[in-house]
>>> print(open('target.cif').read())   # mmCIF, C-alpha atoms and all ligand atoms
data_data
#
loop_
_atom_site.group_PDB
_atom_site.id
_atom_site.type_symbol
_atom_site.label_atom_id
_atom_site.label_comp_id
_atom_site.auth_asym_id
_atom_site.auth_seq_id
_atom_site.Cartn_x
_atom_site.Cartn_y
_atom_site.Cartn_z
ATOM 1 C CA MET P 1 7.835 42.907 45.591
ATOM 2 C CA SER P 2 8.530 42.552 49.321
ATOM 3 C CA LYS P 3 10.305 39.160 49.223
ATOM 4 C CA LYS P 4 13.508 40.548 47.749
ATOM 5 C CA ARG P 5 13.214 43.709 49.817
ATOM 6 C CA PRO P 6 12.270 42.762 53.385
ATOM 7 C CA TYR P 7 11.976 46.442 54.360
ATOM 8 C CA LEU P 8 8.739 46.510 52.338
ATOM 9 C CA THR P 9 5.826 44.945 54.212
ATOM 10 C CA LYS P 10 2.450 44.468 52.580
ATOM 11 C CA THR P 11 -0.471 45.108 54.912
ATOM 12 C CA ASP P 12 -4.108 45.294 53.762
ATOM 13 C CA GLY P 13 -3.031 45.822 50.160
ATOM 14 C CA ASP P 14 -0.733 48.789 50.885
ATOM 15 C CA TYR P 15 2.976 48.882 51.647
ATOM 16 C CA GLU P 16 4.877 49.938 54.712
ATOM 17 C CA ILE P 17 8.442 51.143 54.057
ATOM 18 C CA LYS P 18 11.049 50.837 56.779
ATOM 19 C CA VAL P 19 13.676 53.545 56.353
ATOM 20 C CA ARG P 20 17.162 53.248 57.809
ATOM 21 C CA VAL P 21 18.314 56.214 59.894
ATOM 22 C CA LYS P 22 22.074 56.397 60.449
ATOM 23 C CA ALA P 23 22.912 56.756 64.139
ATOM 24 C CA GLY P 24 19.427 58.164 64.785
ATOM 25 C CA CYS P 25 20.126 61.452 62.976
ATOM 26 C CA LEU P 26 18.065 63.052 60.195
ATOM 27 C CA SER P 27 18.783 66.304 58.379
ATOM 28 C CA THR P 28 16.031 68.837 57.804
ATOM 29 C CA ASP P 29 15.998 67.879 54.083
ATOM 30 C CA GLN P 30 15.482 64.256 55.030
ATOM 31 C CA LEU P 31 12.708 65.175 57.458
ATOM 32 C CA GLN P 32 11.056 67.257 54.747
ATOM 33 C CA ALA P 33 11.242 64.370 52.255
ATOM 34 C CA ILE P 34 9.742 61.948 54.787
ATOM 35 C CA ARG P 35 6.969 64.412 55.509
ATOM 36 C CA ASP P 36 6.249 64.947 51.780
ATOM 37 C CA ILE P 37 6.261 61.219 50.920
ATOM 38 C CA SER P 38 3.942 60.418 53.803
ATOM 39 C CA LYS P 39 1.602 63.249 52.831
ATOM 40 C CA ASP P 40 1.642 62.551 49.061
ATOM 41 C CA TYR P 41 1.524 58.733 49.079
ATOM 42 C CA GLY P 42 0.763 57.585 52.606
ATOM 43 C CA ARG P 43 -1.221 58.266 55.725
ATOM 44 C CA GLY P 44 0.353 61.568 56.706
ATOM 45 C CA GLU P 45 1.764 59.922 59.804
ATOM 46 C CA ILE P 46 4.993 58.032 60.528
ATOM 47 C CA HIS P 47 6.245 55.849 63.336
ATOM 48 C CA LEU P 48 9.706 56.051 64.936
ATOM 49 C CA THR P 49 10.793 52.511 65.802
ATOM 50 C CA VAL P 50 12.848 51.471 68.818
ATOM 51 C CA ARG P 51 15.766 50.894 66.416
ATOM 52 C CA GLN P 52 15.591 54.518 65.326
ATOM 53 C CA GLU P 53 14.113 53.698 61.903
ATOM 54 C CA VAL P 54 11.212 55.554 60.306
ATOM 55 C CA LEU P 55 8.132 53.602 59.207
ATOM 56 C CA LEU P 56 6.077 55.073 56.371
ATOM 57 C CA PHE P 57 2.576 53.593 56.334
ATOM 58 C CA ASN P 58 -0.135 52.923 53.742
ATOM 59 C CA ILE P 59 1.936 53.592 50.648
ATOM 60 C CA LYS P 60 -0.071 52.454 47.606
ATOM 61 C CA GLU P 61 1.766 49.907 45.458
ATOM 62 C CA GLU P 62 1.902 52.234 42.452
ATOM 63 C CA PHE P 63 3.807 54.838 44.538
ATOM 64 C CA VAL P 64 6.383 52.574 46.227
ATOM 65 C CA GLU P 65 9.139 53.018 43.624
ATOM 66 C CA GLN P 66 8.566 56.772 43.494
ATOM 67 C CA ALA P 67 8.716 56.962 47.293
ATOM 68 C CA LEU P 68 12.010 55.008 47.345
ATOM 69 C CA LYS P 69 13.452 57.332 44.670
ATOM 70 C CA ARG P 70 12.529 60.402 46.686
ATOM 71 C CA LEU P 71 14.103 58.885 49.787
ATOM 72 C CA ASP P 72 17.243 58.042 47.830
ATOM 73 C CA ALA P 73 17.511 61.638 46.602
ATOM 74 C CA VAL P 74 18.074 62.776 50.202
ATOM 75 C CA GLY P 75 20.400 59.888 51.107
ATOM 76 C CA LEU P 76 17.820 57.625 52.749
ATOM 77 C CA LYS P 77 17.221 53.981 51.938
ATOM 78 C CA GLY P 78 14.853 51.207 52.888
ATOM 79 C CA GLY P 79 16.470 48.577 55.069
ATOM 80 C CA SER P 80 17.041 47.112 58.493
ATOM 81 C CA ALA P 81 15.013 43.933 58.067
ATOM 82 C CA GLY P 82 15.866 40.261 57.582
ATOM 83 C CA PHE P 83 19.186 38.479 58.081
ATOM 84 C CA ARG P 84 21.639 41.332 58.050
ATOM 85 C CA VAL P 85 23.151 44.084 60.194
ATOM 86 C CA ARG P 86 20.114 46.039 61.312
ATOM 87 C CA ASN P 87 19.949 49.789 61.813
ATOM 88 C CA ILE P 88 22.823 50.720 64.156
ATOM 89 C CA THR P 89 21.414 52.749 67.024
ATOM 90 C CA CYS P 90 23.228 55.410 69.005
ATOM 91 C CA CYS P 91 22.490 57.649 71.957
ATOM 92 C CA VAL P 92 22.587 61.421 71.489
ATOM 93 C CA GLY P 93 26.312 61.307 72.184
ATOM 94 C CA ALA P 94 28.459 64.344 72.794
ATOM 95 C CA ARG P 95 25.339 66.539 73.021
ATOM 96 C CA CYS P 96 24.650 64.806 76.341
ATOM 97 C CA LYS P 97 26.348 66.414 79.330
ATOM 98 C CA ASN P 98 27.393 62.966 80.571
ATOM 99 C CA CYS P 99 29.235 61.946 77.443
ATOM 100 C CA ALA P 100 33.035 62.137 77.332
ATOM 101 C CA TRP P 101 33.450 61.324 73.587
ATOM 102 C CA ASP P 102 31.388 61.196 70.397
ATOM 103 C CA PRO P 103 29.700 57.824 69.865
ATOM 104 C CA LEU P 104 27.806 59.223 66.858
ATOM 105 C CA LEU P 105 31.035 59.275 64.843
ATOM 106 C CA LEU P 106 31.667 55.631 65.676
ATOM 107 C CA ALA P 107 28.058 54.612 64.922
ATOM 108 C CA ARG P 108 28.258 56.342 61.533
ATOM 109 C CA GLU P 109 31.573 54.656 60.716
ATOM 110 C CA LEU P 110 30.136 51.258 61.685
ATOM 111 C CA ASP P 111 27.153 51.953 59.461
ATOM 112 C CA GLU P 112 29.407 52.926 56.525
ATOM 113 C CA LYS P 113 31.389 49.684 56.859
ATOM 114 C CA PHE P 114 28.777 47.148 57.902
ATOM 115 C CA GLY P 115 25.285 48.623 57.502
ATOM 116 C CA GLU P 116 22.965 46.085 55.778
ATOM 117 C CA MET P 117 25.774 43.465 55.546
ATOM 118 C CA GLU P 118 24.136 40.093 54.824
ATOM 119 C CA LEU P 119 24.632 37.525 57.569
ATOM 120 C CA PRO P 120 23.307 34.121 58.705
ATOM 121 C CA GLY P 121 20.947 35.945 61.104
ATOM 122 C CA ALA P 122 19.879 39.375 62.296
ATOM 123 C CA VAL P 123 22.595 41.322 64.111
ATOM 124 C CA LYS P 124 21.578 44.370 66.102
ATOM 125 C CA ILE P 125 24.284 46.814 67.157
ATOM 126 C CA ALA P 126 23.939 49.720 69.588
ATOM 127 C CA VAL P 127 26.474 52.336 70.637
ATOM 128 C CA ALA P 128 26.143 54.272 73.902
ATOM 129 C CA GLY P 129 28.235 57.074 75.293
ATOM 130 C CA CYS P 130 28.390 55.889 78.889
ATOM 131 C CA PRO P 131 27.738 52.870 81.131
ATOM 132 C CA PHE P 132 24.321 54.187 82.215
ATOM 133 C CA PRO P 133 23.163 53.629 78.646
ATOM 134 C CA CYS P 134 19.857 55.093 77.488
ATOM 135 C CA ASN P 135 19.615 52.899 74.362
ATOM 136 C CA ARG P 136 20.346 49.566 76.103
ATOM 137 C CA PRO P 137 23.351 48.222 74.145
ATOM 138 C CA GLN P 138 23.533 45.335 76.611
ATOM 139 C CA LEU P 139 20.336 43.952 75.013
ATOM 140 C CA ASN P 140 21.799 44.012 71.496
ATOM 141 C CA ASP P 141 23.788 41.350 69.639
ATOM 142 C CA ILE P 142 26.776 43.699 69.785
ATOM 143 C CA GLY P 143 26.745 46.396 72.455
ATOM 144 C CA ILE P 144 29.341 49.165 72.554
ATOM 145 C CA ILE P 145 29.613 51.377 75.643
ATOM 146 C CA GLY P 146 31.934 54.334 76.245
ATOM 147 C CA ARG P 147 34.086 54.091 79.408
ATOM 148 C CA VAL P 148 36.471 56.452 81.191
ATOM 149 C CA LYS P 149 38.806 55.600 84.056
ATOM 150 C CA PRO P 150 39.090 58.894 85.959
ATOM 151 C CA TYR P 151 42.251 60.217 87.559
ATOM 152 C CA VAL P 152 42.201 62.969 90.216
ATOM 153 C CA ASP P 153 45.024 65.513 90.229
ATOM 154 C CA ILE P 154 45.319 65.916 93.996
ATOM 155 C CA ASP P 155 47.381 69.102 93.695
ATOM 156 C CA LYS P 156 44.645 70.737 91.637
ATOM 157 C CA CYS P 157 41.543 69.516 93.549
ATOM 158 C CA ASP P 158 40.059 72.221 95.820
ATOM 159 C CA GLY P 159 37.577 69.930 97.565
ATOM 160 C CA CYS P 160 34.421 71.571 96.148
ATOM 161 C CA GLY P 161 32.536 68.250 96.200
ATOM 162 C CA ARG P 162 30.844 68.601 92.807
ATOM 163 C CA CYS P 163 32.170 65.204 91.679
ATOM 164 C CA ILE P 164 30.621 63.596 94.769
ATOM 165 C CA GLU P 165 27.215 65.076 93.861
ATOM 166 C CA VAL P 166 27.255 63.714 90.302
ATOM 167 C CA CYS P 167 28.672 60.243 90.962
ATOM 168 C CA LYS P 168 25.755 57.796 90.792
ATOM 169 C CA MET P 169 27.843 55.055 92.385
ATOM 170 C CA LYS P 170 28.829 57.044 95.498
ATOM 171 C CA ALA P 171 32.378 56.130 94.588
ATOM 172 C CA ILE P 172 33.972 59.455 95.607
ATOM 173 C CA THR P 173 34.772 60.821 99.063
ATOM 174 C CA LEU P 174 36.918 63.663 100.361
ATOM 175 C CA ASN P 175 39.954 62.664 102.408
ATOM 176 C CA LYS P 176 41.278 64.482 105.484
ATOM 177 C CA GLN P 177 43.167 66.888 103.241
ATOM 178 C CA ASN P 178 39.851 67.771 101.519
ATOM 179 C CA LYS P 179 40.854 66.069 98.274
ATOM 180 C CA ALA P 180 38.645 63.811 96.133
ATOM 181 C CA VAL P 181 39.427 60.099 96.340
ATOM 182 C CA ILE P 182 37.850 57.535 93.998
ATOM 183 C CA ASN P 183 36.967 54.049 95.197
ATOM 184 C CA GLN P 184 37.917 51.992 92.119
ATOM 185 C CA LYS P 185 35.811 49.044 93.270
ATOM 186 C CA LYS P 186 32.643 51.153 93.147
ATOM 187 C CA CYS P 187 33.554 53.202 90.083
ATOM 188 C CA LYS P 188 31.609 52.280 86.904
ATOM 189 C CA LEU P 189 33.980 54.207 84.629
ATOM 190 C CA CYS P 190 31.346 56.640 83.375
ATOM 191 C CA GLY P 191 33.399 59.850 83.385
ATOM 192 C CA ARG P 192 30.689 62.103 84.895
ATOM 193 C CA CYS P 193 33.031 63.281 87.642
ATOM 194 C CA MET P 194 35.580 64.315 85.029
ATOM 195 C CA LEU P 195 32.984 66.156 82.938
ATOM 196 C CA ASN P 196 31.568 67.988 85.946
ATOM 197 C CA CYS P 197 34.694 69.048 87.824
ATOM 198 C CA PRO P 198 34.616 72.852 87.534
ATOM 199 C CA ILE P 199 38.400 73.204 87.509
ATOM 200 C CA SER P 200 39.308 70.128 85.415
ATOM 201 C CA ALA P 201 41.088 68.421 88.287
ATOM 202 C CA ILE P 202 39.908 65.052 86.942
ATOM 203 C CA SER P 203 41.171 63.655 83.676
ATOM 204 C CA ALA P 204 40.879 60.357 81.799
ATOM 205 C CA GLU P 205 43.602 57.941 82.853
ATOM 206 C CA ILE P 206 42.248 55.441 80.317
ATOM 207 C CA GLN P 207 39.418 55.920 77.840
ATOM 208 C CA GLY P 208 37.772 53.439 75.498
ATOM 209 C CA VAL P 209 34.746 51.229 74.961
ATOM 210 C CA THR P 210 33.361 48.013 76.415
ATOM 211 C CA ILE P 211 32.229 45.392 73.891
ATOM 212 C CA ILE P 212 29.311 43.157 74.818
ATOM 213 C CA LEU P 213 28.180 40.163 72.778
ATOM 214 C CA GLY P 214 24.964 38.177 72.552
ATOM 215 C CA GLY P 215 22.390 40.416 74.202
ATOM 216 C CA CYS P 216 18.782 39.985 73.183
ATOM 217 C CA GLY P 217 15.829 42.273 73.829
ATOM 218 C CA SER P 218 13.030 39.787 73.158
ATOM 219 C CA TRP P 219 11.065 38.036 75.915
ATOM 220 C CA PRO P 220 12.770 37.086 78.129
ATOM 221 C CA ALA P 221 15.462 39.699 77.573
ATOM 222 C CA PHE P 222 19.109 38.712 78.106
ATOM 223 C CA SER P 223 22.101 40.915 78.744
ATOM 224 C CA GLY P 224 25.083 40.119 76.584
ATOM 225 C CA GLU P 225 28.443 38.914 77.895
ATOM 226 C CA ILE P 226 31.495 41.136 78.098
ATOM 227 C CA LEU P 227 33.942 40.317 75.314
ATOM 228 C CA ALA P 228 36.347 43.103 76.335
ATOM 229 C CA LYS P 229 36.011 45.471 79.294
ATOM 230 C CA MET P 230 37.895 48.267 77.548
ATOM 231 C CA ILE P 231 39.515 48.591 74.153
ATOM 232 C CA LYS P 232 40.546 51.725 72.252
ATOM 233 C CA VAL P 233 37.736 53.453 70.351
ATOM 234 C CA GLU P 234 39.781 53.166 67.143
ATOM 235 C CA ASP P 235 39.953 49.367 67.511
ATOM 236 C CA THR P 236 36.165 49.046 67.582
ATOM 237 C CA VAL P 237 35.479 49.016 63.842
ATOM 238 C CA PRO P 238 38.121 46.322 63.122
ATOM 239 C CA LEU P 239 36.847 44.245 66.052
ATOM 240 C CA VAL P 240 33.218 44.477 64.948
ATOM 241 C CA GLY P 241 34.375 43.432 61.452
ATOM 242 C CA LYS P 242 36.082 40.371 62.962
ATOM 243 C CA ILE P 243 32.991 39.475 64.999
ATOM 244 C CA LEU P 244 30.716 39.664 61.950
ATOM 245 C CA GLU P 245 33.100 37.617 59.750
ATOM 246 C CA TYR P 246 33.518 35.023 62.486
ATOM 247 C CA TYR P 247 29.742 34.724 62.853
ATOM 248 C CA LYS P 248 29.338 34.451 59.083
ATOM 249 C CA GLU P 249 31.874 31.631 58.843
ATOM 250 C CA ASN P 250 30.906 29.652 61.941
ATOM 251 C CA ALA P 251 27.164 30.083 62.575
ATOM 252 C CA GLN P 252 24.997 26.989 62.497
ATOM 253 C CA PRO P 253 21.688 27.222 60.594
ATOM 254 C CA GLU P 254 19.549 27.625 63.733
ATOM 255 C CA GLU P 255 21.742 30.439 65.150
ATOM 256 C CA LYS P 256 19.747 33.371 63.852
ATOM 257 C CA ARG P 257 21.005 35.762 66.554
ATOM 258 C CA LEU P 258 24.396 36.038 68.242
ATOM 259 C CA ARG P 259 23.082 34.795 71.597
ATOM 260 C CA PRO P 260 22.884 31.039 70.778
ATOM 261 C CA PHE P 261 26.129 31.361 68.816
ATOM 262 C CA VAL P 262 27.947 32.960 71.763
ATOM 263 C CA LYS P 263 26.475 30.381 74.161
ATOM 264 C CA ARG P 264 27.603 27.439 71.998
ATOM 265 C CA ILE P 265 31.129 28.686 71.365
ATOM 266 C CA GLY P 266 31.667 30.256 74.784
ATOM 267 C CA ILE P 267 32.857 33.769 75.593
ATOM 268 C CA GLU P 268 36.348 32.586 76.634
ATOM 269 C CA LYS P 269 36.995 30.974 73.253
ATOM 270 C CA LEU P 270 35.570 34.013 71.487
ATOM 271 C CA ARG P 271 37.963 36.247 73.432
ATOM 272 C CA LYS P 272 40.895 34.116 72.251
ATOM 273 C CA GLU P 273 39.699 34.065 68.651
ATOM 274 C CA LEU P 274 38.589 37.665 68.295
ATOM 275 C CA LEU P 275 40.875 39.751 70.489
ATOM 276 C CA GLN P 276 44.145 38.683 68.881
ATOM 277 C CA GLY P 277 46.009 41.828 67.861
ATOM 278 C CA ILE P 278 43.618 44.085 69.818
ATOM 279 C CA GLU P 279 44.969 45.849 72.881
ATOM 280 C CA VAL P 280 42.717 45.254 75.898
ATOM 281 C CA LEU P 281 43.168 48.308 78.142
ATOM 282 C CA MET P 282 41.503 46.897 81.292
HETATM 283 S S1 LIG W 301 23.913 56.719 77.079
HETATM 284 FE FE1 LIG W 301 24.983 58.000 78.554
HETATM 285 S S2 LIG W 301 26.101 59.452 77.251
HETATM 286 FE FE2 LIG W 301 24.498 58.561 75.981
HETATM 287 S S3 LIG W 301 22.746 59.955 76.160
HETATM 288 FE FE3 LIG W 301 22.493 58.346 77.705
HETATM 289 S S4 LIG W 301 23.403 59.224 79.565
HETATM 290 FE FE4 LIG W 301 24.153 60.428 77.837
HETATM 291 S S1 LIG W 302 33.733 57.675 86.656
HETATM 292 FE FE1 LIG W 302 33.504 56.497 88.543
HETATM 293 S S2 LIG W 302 33.880 57.954 90.159
HETATM 294 FE FE2 LIG W 302 33.509 59.159 88.314
HETATM 295 S S3 LIG W 302 31.317 59.590 88.357
HETATM 296 FE FE3 LIG W 302 31.565 57.705 87.183
HETATM 297 S S4 LIG W 302 31.316 56.063 88.660
HETATM 298 FE FE4 LIG W 302 31.687 57.942 89.831
HETATM 299 S S1 LIG W 303 34.864 68.376 91.469
HETATM 300 FE FE1 LIG W 303 37.047 68.575 91.055
HETATM 301 S S2 LIG W 303 37.760 70.131 92.445
HETATM 302 FE FE2 LIG W 303 35.756 69.514 93.190
HETATM 303 S S3 LIG W 303 36.205 67.885 94.691
HETATM 304 FE FE3 LIG W 303 35.912 66.880 92.743
HETATM 305 S S4 LIG W 303 37.943 66.687 91.863
HETATM 306 FE FE4 LIG W 303 38.072 68.190 93.499
#
>>> encode(input="target.cif", output="C-alpha cells", more="lines below")
Ligand code: SF4
Ligand code: SF4
Ligand code: SF4
Amino acid sequence: MSKKRPYLTKTDGDYEIKVRVKAGCLSTDQLQAIRDISKDYGRGEIHLTVRQEVLLFNIKEEFVEQALKRLDAVGLKGGSAGFRVRNITCCVGARCKNCAWDPLLLARELDEKFGEMELPGAVKIAVAGCPFPCNRPQLNDIGIIGRVKPYVDIDKCDGCGRCIEVCKMKAITLNKQNKAVINQKKCKLCGRCMLNCPISAISAEIQGVTIILGGCGSWPAFSGEILAKMIKVEDTVPLVGKILEYYKENAQPEEKRLRPFVKRIGIEKLRKELLQGIEVLM
C-alpha cells in the first residue's frame, strides 16, 4: 500500500498518514476533520512536522482509505514524501508586524502550480516575509525571502527616531537636520523601518524577493546560494517553474537534492540559464 503512496508509512502494523498543509494554514473544518480521524481511527494525537505537515498516527490498515476520503472531503491530501516538491512552507506573513507583503498568497500559488510535482529528487521550498526569516528558507532547496529597499522622504520625516529603534542592523541615524538617514551598506532590506514609521515618511523604493538555491537543513546544514538578490514578486512563480524544469532535465541520478546539482553546474551558469527574461531589480 505504502510503496505507491510514500506519504503512508507502516509502523508496527499500523499506518501513519502525512497530510499536506498548504502554506501552513488549516481551516476550522480541516482541523475538525483531523481531530475526528485521529480520534476515530488513530491515537487521538497528531504531530506537526517542521515542514508544516500533519502526521496522523496509528491508523489501522482497514481505516486508511476511509481516513483519506474524509481528508479529501475537506480539501486535504496525503503527500510531501519521496522525490517531488515537498510541502511548501511559509511564515505567518502579513499577520506579522514585520511583514511588508503577503507571502502566504505566493506560497499558495506555488503550491497550486507545483505542489507534489514529481522530480528526480526531493525539492523543499520555503517562503518568508522578511530577511530575518523564522522558517529558514536559506536551508531549503529553493528559498524565497521578501525584501524592501526603503526610501526616506526627508521633507516628511520629523526625527522621532522610531525607525532607529526597530532597525536590527543599526543602519539608521539622524543627521544634523534631525532627519533619518539610511546606511545602505548596513541595510538588510527588511522594511521594518517603513512599517514602523508613525507618519509614513518611509516608503518602498524597490520591493521584491530574493531567490536562494541549494540550501540543505540536514547535518551539516548548508545555506543556499543567491540566484537573484531581488526580483519582482510576480516573477517568482515563473522562475520557480524554470528552476524545477531545469532540474528535471539536467539532474544526474545521484543528485537527489538541489545542493549537489547547484554545486556541479555552478551558480553563475544557473543565473545565465534561469534569469533570462526575468528583471533583476538589484
Ligand atoms: S519571516 Fe519575517 S515576516 Fe515572516 S513571520 Fe518571521 S519576522 Fe515576520
Ligand atoms: S530596511 Fe534597512 S534600514 Fe530599514 S529596518 Fe531594515 S535593515 Fe534597517
Ligand atoms: S520613524 Fe519616520 S518620522 Fe521618525 S525618524 Fe524615522 S523616518 Fe523620520
>>> residues_near_ligand(input="target.cif", ligand="ligand LIG 303 (chain W)", cutoff="8 Å", atoms="only C-alpha atoms and all ligand atoms", output="MDAnalysis selection string")
chainID P and resid 152:154 156:164 174 178:180 193:194 196:202
>>> write_last_selection(input="target.cif", atoms="C-alpha atoms", output="mmCIF file, in the coordinates of the input")
data_model
loop_
_atom_site.group_PDB
_atom_site.id
_atom_site.type_symbol
_atom_site.label_atom_id
_atom_site.label_comp_id
_atom_site.auth_asym_id
_atom_site.auth_seq_id
_atom_site.Cartn_x
_atom_site.Cartn_y
_atom_site.Cartn_z
ATOM 1 C CA VAL P 152 42.201 62.969 90.216
ATOM 2 C CA ASP P 153 45.024 65.513 90.229
ATOM 3 C CA ILE P 154 45.319 65.916 93.996
ATOM 4 C CA LYS P 156 44.645 70.737 91.637
ATOM 5 C CA CYS P 157 41.543 69.516 93.549
ATOM 6 C CA ASP P 158 40.059 72.221 95.820
ATOM 7 C CA GLY P 159 37.577 69.930 97.565
ATOM 8 C CA CYS P 160 34.421 71.571 96.148
ATOM 9 C CA GLY P 161 32.536 68.250 96.200
ATOM 10 C CA ARG P 162 30.844 68.601 92.807
ATOM 11 C CA CYS P 163 32.170 65.204 91.679
ATOM 12 C CA ILE P 164 30.621 63.596 94.769
ATOM 13 C CA LEU P 174 36.918 63.663 100.361
ATOM 14 C CA ASN P 178 39.851 67.771 101.519
ATOM 15 C CA LYS P 179 40.854 66.069 98.274
ATOM 16 C CA ALA P 180 38.645 63.811 96.133
ATOM 17 C CA CYS P 193 33.031 63.281 87.642
ATOM 18 C CA MET P 194 35.580 64.315 85.029
ATOM 19 C CA ASN P 196 31.568 67.988 85.946
ATOM 20 C CA CYS P 197 34.694 69.048 87.824
ATOM 21 C CA PRO P 198 34.616 72.852 87.534
ATOM 22 C CA ILE P 199 38.400 73.204 87.509
ATOM 23 C CA SER P 200 39.308 70.128 85.415
ATOM 24 C CA ALA P 201 41.088 68.421 88.287
ATOM 25 C CA ILE P 202 39.908 65.052 86.942
#
>>> atom_distance(input="target.cif", atom1="atom CA of Cys90 of chain P", atom2="atom CA of Gly24 of chain P")
6.3 Å
>>> axis_aligned_box(input="target.cif", around="ligand LIG 302 (chain W)", padding_each_side="8 Å", output="AutoDock Vina command-line options")
--center_x 32.6 --center_y 57.8 --center_z 88.4 --size_x 18.6 --size_y 19.5 --size_z 19.5
>>> atom_distance(input="target.cif", atom1="atom CA of Met282 of chain P", atom2="atom CA of Cys190 of chain P")
14.2 Å
>>> atom_distance(input="target.cif", atom1="atom CA of Cys96 of chain P", atom2="atom CA of Arg192 of chain P")
10.8 Å
>>> closest_atom_pairs(input="target.cif", of="chain P", to="ligand LIG 302 (chain W)", cutoff="8 Å", atoms="all atoms listed in the file", output="Markdown table")
| residue | atom | partner | partner_atom | distance |
| --- | --- | --- | --- | --- |
| P:Val148 | CA | W:LIG302 | S1 | 6.2 |
| P:Lys149 | CA | W:LIG302 | S1 | 6.1 |
| P:Pro150 | CA | W:LIG302 | S1 | 5.5 |
| P:Cys163 | CA | W:LIG302 | S3 | 6.6 |
| P:Ile164 | CA | W:LIG302 | FE4 | 7.6 |
| P:Val166 | CA | W:LIG302 | S3 | 6.1 |
| P:Cys167 | CA | W:LIG302 | S3 | 3.8 |
| P:Lys168 | CA | W:LIG302 | FE4 | 6.0 |
| P:Met169 | CA | W:LIG302 | S4 | 5.2 |
| P:Lys170 | CA | W:LIG302 | FE4 | 6.4 |
| P:Ala171 | CA | W:LIG302 | S2 | 5.0 |
| P:Ile172 | CA | W:LIG302 | S2 | 5.7 |
| P:Ile182 | CA | W:LIG302 | S2 | 5.5 |
| P:Asn183 | CA | W:LIG302 | S2 | 7.1 |
| P:Gln184 | CA | W:LIG302 | FE1 | 7.2 |
| P:Lys186 | CA | W:LIG302 | S4 | 6.8 |
| P:Cys187 | CA | W:LIG302 | FE1 | 3.6 |
| P:Lys188 | CA | W:LIG302 | S4 | 4.2 |
| P:Leu189 | CA | W:LIG302 | S1 | 4.0 |
| P:Cys190 | CA | W:LIG302 | FE3 | 4.0 |
| P:Gly191 | CA | W:LIG302 | S1 | 3.9 |
| P:Arg192 | CA | W:LIG302 | S3 | 4.3 |
| P:Cys193 | CA | W:LIG302 | S3 | 4.1 |
| P:Met194 | CA | W:LIG302 | FE2 | 6.5 |
>>> decode(input="target.cif", residues="segment 94-106 of chain P", atoms="N, CA and C atoms", output="mmCIF file, in the first residue's frame")
data_model
loop_
_atom_site.group_PDB
_atom_site.id
_atom_site.type_symbol
_atom_site.label_atom_id
_atom_site.label_comp_id
_atom_site.auth_asym_id
_atom_site.auth_seq_id
_atom_site.Cartn_x
_atom_site.Cartn_y
_atom_site.Cartn_z
ATOM 1 N N ALA P 94 1.600 38.388 6.310
ATOM 2 C CA ALA P 94 1.138 39.755 6.574
ATOM 3 C C ALA P 94 0.548 39.929 7.975
ATOM 4 N N ARG P 95 0.294 38.816 8.678
ATOM 5 C CA ARG P 95 -0.186 38.935 10.064
ATOM 6 C C ARG P 95 0.954 39.307 11.007
ATOM 7 N N CYS P 96 2.181 39.213 10.508
ATOM 8 C CA CYS P 96 3.351 39.608 11.306
ATOM 9 C C CYS P 96 3.601 41.101 11.114
ATOM 10 N N LYS P 97 3.902 41.785 12.205
ATOM 11 C CA LYS P 97 4.061 43.248 12.117
ATOM 12 C C LYS P 97 5.301 43.642 11.312
ATOM 13 N N ASN P 98 6.176 42.679 11.049
ATOM 14 C CA ASN P 98 7.400 42.985 10.300
ATOM 15 C C ASN P 98 7.314 42.608 8.835
ATOM 16 N N CYS P 99 6.123 42.338 8.366
ATOM 17 C CA CYS P 99 5.981 41.836 7.000
ATOM 18 C C CYS P 99 5.339 42.889 6.095
ATOM 19 N N ALA P 100 6.034 43.230 5.017
ATOM 20 C CA ALA P 100 5.573 44.318 4.144
ATOM 21 C C ALA P 100 4.739 43.841 2.960
ATOM 22 N N TRP P 101 4.456 42.524 2.872
ATOM 23 C CA TRP P 101 3.662 41.984 1.745
ATOM 24 C C TRP P 101 2.993 40.706 2.239
ATOM 25 N N ASP P 102 2.378 39.929 1.328
ATOM 26 C CA ASP P 102 1.736 38.709 1.801
ATOM 27 C C ASP P 102 2.347 37.456 1.180
ATOM 28 N N PRO P 103 3.347 36.881 1.840
ATOM 29 C CA PRO P 103 3.975 35.670 1.291
ATOM 30 C C PRO P 103 3.044 34.470 1.231
ATOM 31 N N LEU P 104 1.969 34.480 2.033
ATOM 32 C CA LEU P 104 1.026 33.351 2.006
ATOM 33 C C LEU P 104 0.387 33.204 0.623
ATOM 34 N N LEU P 105 0.079 34.334 -0.010
ATOM 35 C CA LEU P 105 -0.518 34.274 -1.349
ATOM 36 C C LEU P 105 0.435 33.599 -2.322
ATOM 37 N N LEU P 106 1.716 33.989 -2.234
ATOM 38 C CA LEU P 106 2.716 33.409 -3.127
ATOM 39 C C LEU P 106 2.891 31.915 -2.834
#
